[in-house]
Amino acid sequence: MARSLATKVAAVSALVAVLAGAASATKPASTADLFPTAVALRAKFDDADFAIDTTKIKGNPNAAGNVRVGNVGGFPVLGLPGIDSSFALVSLEADAHNLPHTHPRASETLYLLKGELDVFIVEENSAPPVRVIENTLRPGGVAVFPTGLIHGQRCVAKEGCEFVAVLGSADPGAVSVAARLCDGPVEAVAASFGVPERLAEKLCGKLPGNPAPSQPSGGRHH
């Protein structure tokens, strides 16, 4: 009986030792490792990480233009304290749109390099009429877009447009308004537009890629 008890005690002691060893193996060397200083974090990056070669960012070009982005997903240095930002390099052909979208976690500052650009912001829900802020930029012009609000751009220059946008978060997110609405239940999409479900499905099935060309006005101008 005593031998059996001693065996059990030894087994429990061995298990405790194994668990303690595992815990110590996963424990940080010091509590300072849990909250590194900005200097310590920057030390983890090579000098070359602080300079980004944007020519290597291909984007997803189409006939209407291209949107090339740099964020913490592709460039971790952008997530460092004191940087925490991202950027987009956008080219649009004449009369092309950077389609309506939002950035749920960042404001945006746009600087126009080339062309002439119509920009807009749709204000959040409020007593009607909801405000739509519209401006036209020329080279050297700057537009600002608040966090989370729907906005977009259209190139109104025959020679095309180019602009850079800097966003106030390394992980700003992007929500394409029409595309993400169409990802919802068809009955909700149909109700949103006040059309039959079959028409909602047809409309959603014809959504263009981004950037997108302008569509014929049908004789009406808004």
# chains A, B, ... in the order shown; residues from 1 in each chain; ligands from 1

$ residues_around --residues "Leu117 of chain A" --least-positions-apart "2" --cutoff "6 Å" --atoms "only C-alpha atoms" --output "ChimeraX atom specification"
/A:136-137,154-156

$ residues_around --residues "Asn62 of chain A" --least-positions-apart "2" --cutoff "10 Å" --atoms "only C-alpha atoms" --output "list in words"
Gly59, Asn60, Ala64, Gly65, Asn66, Val67, Leu92, Glu93, Gly209, Asn210, Pro211 and Ala212 of chain A

$ closest_residue --among "A:Thr31, A:Gly82, A:Leu112, A:Phe50" --to "Val164 of chain A" --atoms "only C-alpha atoms"
A:Leu112

$ closest_atom_pairs --of "segment 98-153 of chain A" --to "segment 170-181 of chain A" --cutoff "6 Å" --atoms "only C-alpha atoms" --output "JSON lines"
{"residue": "A:Pro100", "atom": "CA", "partner": "A:Val177", "partner_atom": "CA", "distance": 5.9}
{"residue": "A:His101", "atom": "CA", "partner": "A:Ser176", "partner_atom": "CA", "distance": 4.4}
{"residue": "A:Thr102", "atom": "CA", "partner": "A:Val175", "partner_atom": "CA", "distance": 5.2}
{"residue": "A:His103", "atom": "CA", "partner": "A:Ala174", "partner_atom": "CA", "distance": 4.7}
{"residue": "A:Pro104", "atom": "CA", "partner": "A:Gly173", "partner_atom": "CA", "distance": 5.9}
{"residue": "A:Arg105", "atom": "CA", "partner": "A:Pro172", "partner_atom": "CA", "distance": 4.7}
{"residue": "A:Ala106", "atom": "CA", "partner": "A:Pro172", "partner_atom": "CA", "distance": 4.9}

$ closest_residue --among "A:Ala88, A:Ile121, A:Cys182, A:Ala32" --to "Leu199 of chain A" --atoms "only C-alpha atoms"
A:Cys182

$ residues_around --residues "Gly168 of chain A" --least-positions-apart "3" --cutoff "7 Å" --atoms "only C-alpha atoms" --output "PyMOL selection string"
chain A and resi 84-86+106-108
